[in-house]
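Reviewing the structure listed below.
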Amino acid sequence: MREQPTAAQPVFRFAPSPNGFLHLGHAASALINQRMARAAGGRFLLRIEDIDTGRSREEFIEAIGEDLAWLGVTFDEEPLRQSQHLRGYQEAADRLGAMGLIYPCFAARAEIHAAANEMGMQLDPDGAPVYPGLYRGLDPAEAERRKAGGEPFAMRLDMARAVALATERAGSGTAKQQITWRELGAAGQLELAMDDPLAWGDIVLQRKDVPTSYHLSVVVDDARQGVTHVVRGKDLIRATTIHRILQVLLDLPQPVYHHHDLVLDAFGLKLSKSDSATSLRSLREAGWTRGDVMAKLGFRGVA
Ligand code: GLU
């Protein structure tokens, strides 16, 4: 029988997006989380990040369950599926809207690229063009007219305003650097980390097709699931500054973060879901055991 959670228990989570099969990198993340949760006497939860209606597939959700079971990764609660919680994200967006921090953007991707190019193409930490501000400051009457005409739109965060308000709320003066987070280092030491949120520009908080985005759902759900320790790959470390700003603005608790090293391929590149060679499924079909995966990832003993 599952044990009842206690208030002081740490909570960890693994949060895959079901748009492909899990690979060795996901295995590393799930196993590291499980090991840390056990060592801390904590709980370990699964969250299916299936808000991308175009790419998420039921078959991948089933495969996630099978692959994790094969790996010996188990969870303390039924998984949370983001697609079933859209109302909560809308409520969070409404709160940011009431603070005057989000605005509608009617631009198509090609329009954004063209405008960004003209302005010298600044790239965000993910390598995408920083939004060139096309619809920031659009007359609200005009926005309403276009919405009424059925034009699709995304909602973007006015990052400069969000940073200013979050810094004020955090009671730490005006420097953007004051938005910090607590990062557990590789040796287990707790450090104060910081990054520049403005490097991301006005990110999308609600997509044209769903009333949320990765950044908005991740902070809402880490709070909803009572997550105290966010353990994920280093590819997400620079997004953490956005998550902290949203947590401050939405009055959500602050988890501890740990960004672990990524599993790289033979060329030193991050593994990709489109490369089936490292999927857990194909490794299993090729005769790998759970022990082989653990050995490959450098795990000793029981994860
Ligand atoms: N769903 C994200 C991914 O699969 C991970 C989100 C997170 O751990 O914050 O890359």
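Quick note on naming: the chains in the structure tokens go A, B, ... in the order shown, residues restart at 1 in each chain, and ligands are numbered from 1 in order of appearance.
Listed by chain and then residue number, the contacts of ligand 1 are Phe14, Ala15, Pro16, Ser17, Glu49, Val218, Val231, Arg232 and Leu236 of chain A (distance at most 7 Å, using only C-alpha atoms and all ligand atoms).
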Once you have the residues from the selection above, write them out as a CSV table (one decimal), in the first residue's frame, restricted to N, CA and C atoms.
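Result written to again29.csv:
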```
chain,number,residue,atom,x,y,z
A,14,PHE,N,9.0,13.8,-12.4
A,14,PHE,CA,9.5,13.6,-13.7
A,14,PHE,C,8.4,14.0,-14.7
A,15,ALA,N,8.8,14.9,-15.7
A,15,ALA,CA,7.7,15.5,-16.5
A,15,ALA,C,8.0,15.4,-18.0
A,16,PRO,N,7.9,14.2,-18.5
A,16,PRO,CA,8.2,14.1,-20.0
A,16,PRO,C,7.0,14.6,-20.8
A,17,SER,N,7.4,15.0,-22.1
A,17,SER,CA,6.4,15.4,-23.1
A,17,SER,C,6.2,14.3,-24.0
A,49,GLU,N,3.4,16.0,-19.8
A,49,GLU,CA,3.3,17.4,-20.3
A,49,GLU,C,2.7,17.4,-21.8
A,218,VAL,N,4.4,24.7,-16.4
A,218,VAL,CA,5.4,24.0,-15.5
A,218,VAL,C,5.3,24.7,-14.1
A,231,VAL,N,14.2,18.5,-10.5
A,231,VAL,CA,15.4,17.9,-11.0
A,231,VAL,C,15.2,17.6,-12.5
A,232,ARG,N,16.0,18.2,-13.3
A,232,ARG,CA,15.8,18.1,-14.8
A,232,ARG,C,17.2,18.4,-15.4
A,236,LEU,N,17.5,22.9,-19.5
A,236,LEU,CA,16.4,23.8,-19.0
A,236,LEU,C,16.9,24.8,-18.0
```
Based on DSSP run over this structure's backbone, return all residues of range 82-231 of chain A in helix (DSSP H, G or I), as a PyMOL selection string. chain A and resi 82-84+86-98+109-118+140-148+159-169+176-178+197-200+214-224
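Between CA of Ile203 in chain A and CA of His215 in chain A lies a distance of 8.8 Å.
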List the neighbours of Arg55 in chain A out to 12 Å using only C-alpha atoms; skip same-chain residues closer than 5 positions along the sequence, and give me the result as a PDB file with N, CA, C and O atoms, in the first residue's frame.
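This is the output file part29.pdb:
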```pdb
ATOM      1  N   SER A  17       7.376  15.029 -22.052  1.00  0.00           N
ATOM      2  CA  SER A  17       6.380  15.439 -23.052  1.00  0.00           C
ATOM      3  C   SER A  17       6.174  14.254 -23.983  1.00  0.00           C
ATOM      4  O   SER A  17       7.144  13.750 -24.546  1.00  0.00           O
ATOM      5  N   PRO A  18       4.929  13.799 -24.158  1.00  0.00           N
ATOM      6  CA  PRO A  18       4.696  12.596 -24.965  1.00  0.00           C
ATOM      7  C   PRO A  18       4.672  12.877 -26.468  1.00  0.00           C
ATOM      8  O   PRO A  18       3.674  12.650 -27.139  1.00  0.00           O
ATOM      9  N   ASN A  19       5.786  13.381 -26.971  1.00  0.00           N
ATOM     10  CA  ASN A  19       5.835  13.635 -28.419  1.00  0.00           C
ATOM     11  C   ASN A  19       6.908  12.780 -29.083  1.00  0.00           C
ATOM     12  O   ASN A  19       7.398  13.093 -30.152  1.00  0.00           O
ATOM     13  N   GLY A  20       7.281  11.693 -28.417  1.00  0.00           N
ATOM     14  CA  GLY A  20       8.255  10.757 -28.962  1.00  0.00           C
ATOM     15  C   GLY A  20       8.526   9.713 -27.896  1.00  0.00           C
ATOM     16  O   GLY A  20       7.947   9.771 -26.807  1.00  0.00           O
ATOM     17  N   GLU A  49       3.374  16.042 -19.807  1.00  0.00           N
ATOM     18  CA  GLU A  49       3.273  17.411 -20.329  1.00  0.00           C
ATOM     19  C   GLU A  49       2.746  17.355 -21.765  1.00  0.00           C
ATOM     20  O   GLU A  49       3.501  17.476 -22.728  1.00  0.00           O
ATOM     21  N   ASP A  50       1.436  17.166 -21.861  1.00  0.00           N
ATOM     22  CA  ASP A  50       0.805  16.914 -23.161  1.00  0.00           C
ATOM     23  C   ASP A  50      -0.037  18.086 -23.651  1.00  0.00           C
ATOM     24  O   ASP A  50      -1.126  17.900 -24.167  1.00  0.00           O
ATOM     25  N   PHE A  60       2.448   7.489 -27.302  1.00  0.00           N
ATOM     26  CA  PHE A  60       3.678   7.838 -26.585  1.00  0.00           C
ATOM     27  C   PHE A  60       3.434   7.857 -25.068  1.00  0.00           C
ATOM     28  O   PHE A  60       4.335   7.560 -24.287  1.00  0.00           O
ATOM     29  N   ILE A  61       2.224   8.230 -24.667  1.00  0.00           N
ATOM     30  CA  ILE A  61       1.909   8.217 -23.229  1.00  0.00           C
ATOM     31  C   ILE A  61       1.964   6.774 -22.722  1.00  0.00           C
ATOM     32  O   ILE A  61       2.560   6.491 -21.682  1.00  0.00           O
ATOM     33  N   LYS A 273      14.567  13.053 -29.653  1.00  0.00           N
ATOM     34  CA  LYS A 273      13.497  12.062 -29.728  1.00  0.00           C
ATOM     35  C   LYS A 273      13.356  11.523 -31.142  1.00  0.00           C
ATOM     36  O   LYS A 273      12.809  10.460 -31.360  1.00  0.00           O
TER      37      LYS A 273
END
```
Restricting the calculation to only C-alpha atoms, which member of A:Ile179, A:Ala223, A:Ala286, A:Leu297 is positioned closest to Val11 in chain A? A:Ala223
Which residues of range 198-232 of chain A sit at most 8 Å from range 148-157 of chain A, using only C-alpha atoms? Give each one's shortest atom pair and distance in Å (one decimal place), in chain and ascending residue order, as CSV.
```
residue,atom,partner,partner_atom,distance
A:Asp202,CA,A:Leu157,CA,5.1
A:Ile203,CA,A:Arg156,CA,5.5
A:Val204,CA,A:Arg156,CA,4.3
A:Leu205,CA,A:Arg156,CA,5.4
A:Gln206,CA,A:Met155,CA,4.9
A:Arg207,CA,A:Ala154,CA,4.7
A:Lys208,CA,A:Ala154,CA,4.5
```
Within 10 Å of Thr53 in chain A using only C-alpha atoms, minus same-chain residues under 5 positions, as JSON, numbers by chain: {"A": [19, 83, 209, 210]}
I need the residues from that last selection saved to file as a compact mmCIF listing (two decimals), in the first residue's frame (with all heavy atoms), if you can.
```txt
# COMPACT_ATOMS: atom_id res chain seq x y z
N ASN A 19 5.79 13.38 -26.97
CA ASN A 19 5.84 13.64 -28.42
C ASN A 19 6.91 12.78 -29.08
O ASN A 19 7.40 13.09 -30.15
CB ASN A 19 6.06 15.13 -28.70
CG ASN A 19 7.22 15.69 -27.92
OD1 ASN A 19 8.10 14.93 -27.51
ND2 ASN A 19 7.25 16.98 -27.70
N SER A 83 -3.13 18.22 -20.10
CA SER A 83 -4.26 18.55 -20.98
C SER A 83 -5.58 18.53 -20.21
O SER A 83 -6.57 19.07 -20.69
CB SER A 83 -4.32 17.56 -22.14
OG SER A 83 -4.45 16.25 -21.66
N ASP A 209 -3.18 27.80 -30.01
CA ASP A 209 -4.08 26.65 -30.00
C ASP A 209 -4.47 26.15 -28.61
O ASP A 209 -5.47 25.48 -28.46
CB ASP A 209 -3.44 25.48 -30.79
CG ASP A 209 -2.05 25.12 -30.26
OD1 ASP A 209 -1.44 25.95 -29.54
OD2 ASP A 209 -1.57 24.02 -30.55
N VAL A 210 -3.68 26.46 -27.59
CA VAL A 210 -4.03 26.04 -26.21
C VAL A 210 -3.78 27.21 -25.26
O VAL A 210 -2.87 28.00 -25.48
CB VAL A 210 -3.15 24.86 -25.69
CG1 VAL A 210 -3.73 23.53 -26.01
CG2 VAL A 210 -1.72 24.97 -26.11
```
Nearest to Arg87 in chain A by atom-to-atom distance, counting only C-alpha atoms, from A:Val220, A:Met159, A:Ala164, A:Leu264: A:Val220
Give me the residues within 7 Å of Val230 in chain A as a CSV table (one decimal) with all heavy atoms, in the first residue's frame, counting only C-alpha atoms and dropping any in the same chain fewer than 5 places off.
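Done, and the output landed in selection.csv:
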```
chain,number,residue,atom,x,y,z
A,12,PHE,N,9.5,15.2,-5.5
A,12,PHE,CA,10.2,15.2,-6.8
A,12,PHE,C,9.2,14.9,-7.9
A,12,PHE,O,8.2,14.2,-7.7
A,12,PHE,CB,11.4,14.2,-6.8
A,12,PHE,CG,12.5,14.6,-5.8
A,12,PHE,CD1,12.2,14.4,-4.4
A,12,PHE,CD2,13.7,15.0,-6.2
A,12,PHE,CE1,13.2,14.7,-3.5
A,12,PHE,CE2,14.7,15.3,-5.3
A,12,PHE,CZ,14.5,15.2,-3.9
A,13,ARG,N,9.6,15.2,-9.1
A,13,ARG,CA,8.7,14.9,-10.3
A,13,ARG,C,9.6,14.6,-11.5
A,13,ARG,O,10.7,15.2,-11.7
A,13,ARG,CB,7.7,15.9,-10.5
A,13,ARG,CG,8.0,17.4,-10.7
A,13,ARG,CD,9.1,17.7,-11.6
A,13,ARG,NE,9.1,19.1,-12.1
A,13,ARG,CZ,9.7,19.5,-13.2
A,13,ARG,NH1,10.3,18.6,-14.0
A,13,ARG,NH2,9.6,20.7,-13.6
A,255,PRO,N,10.6,26.1,-5.4
A,255,PRO,CA,11.3,24.8,-5.2
A,255,PRO,C,12.8,25.0,-5.2
A,255,PRO,O,13.3,26.1,-5.6
A,255,PRO,CB,10.9,24.0,-6.4
A,255,PRO,CG,10.0,24.9,-7.3
A,255,PRO,CD,10.1,26.3,-6.7
A,256,VAL,N,13.5,23.9,-4.8
A,256,VAL,CA,15.0,23.9,-5.0
A,256,VAL,C,15.2,23.2,-6.4
A,256,VAL,O,14.4,22.4,-6.8
A,256,VAL,CB,15.6,23.0,-3.9
A,256,VAL,CG1,17.1,22.6,-4.3
A,256,VAL,CG2,15.5,23.6,-2.6
A,257,TYR,N,16.2,23.7,-7.1
A,257,TYR,CA,16.4,23.2,-8.5
A,257,TYR,C,17.7,22.4,-8.5
A,257,TYR,O,18.7,22.7,-7.8
A,257,TYR,CB,16.5,24.3,-9.5
A,257,TYR,CG,15.1,24.9,-9.8
A,257,TYR,CD1,14.6,25.9,-9.0
A,257,TYR,CD2,14.3,24.4,-10.8
A,257,TYR,CE1,13.3,26.5,-9.2
A,257,TYR,CE2,13.1,25.0,-11.1
A,257,TYR,CZ,12.6,26.0,-10.3
A,257,TYR,OH,11.3,26.5,-10.5
A,258,HIS,N,17.7,21.4,-9.3
A,258,HIS,CA,19.0,20.7,-9.7
A,258,HIS,C,19.0,20.4,-11.1
A,258,HIS,O,18.1,19.7,-11.6
A,258,HIS,CB,19.2,19.4,-8.8
A,258,HIS,CG,20.4,18.7,-9.3
A,258,HIS,ND1,21.7,19.2,-9.2
A,258,HIS,CD2,20.5,17.4,-9.9
A,258,HIS,CE1,22.6,18.3,-9.7
A,258,HIS,NE2,21.9,17.2,-10.1
```
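Using only C-alpha atoms, the protein and nucleic acid residues lying no more than 8 Å from Leu71 in chain A, apart from those fewer than 3 places from it along its own chain, are A:Ala27, A:Asp67, A:Leu68, A:Arg290.
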Give me, as a PyMOL selection string, all polymer residues having an atom no more than 8 Å from range 241-252 of chain A, counting only C-alpha atoms and skipping those fewer than 4 positions away in the same chain. chain A and resi 92+95-96+162-163+165-166+169-170+179-181+194-197+215-216+218-220+223
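Shortest separation to Cys105 in chain A among A:Pro79, A:Gly201, A:Gly137, A:Pro211 occurs at residue A:Gly137, atoms counted being only C-alpha atoms.
Note that the spacing between CA of Phe106 in chain A and CA of Ala141 in chain A amounts to 14.0 Å.
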Looking at A:His229, A:Arg238, A:Arg224, A:Arg182, which one is nearest to Pro125 in chain A, with distances taken over only C-alpha atoms? A:Arg238
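All residues of range 22-60 of chain A that DSSP, run on the backbone, classes as strand (DSSP E or B) are A:His23, A:Arg43, A:Phe44, A:Leu45, A:Leu46, A:Arg47, A:Ile48.
The coordinates place CA of Phe21 in chain A at 15.3 Å from CA of Asp52 in chain A.
Counting only C-alpha atoms, the residue from A:Leu184, A:Ala37, A:Leu46, A:Ile32 that sits nearest to Glu77 in chain A is A:Leu46.
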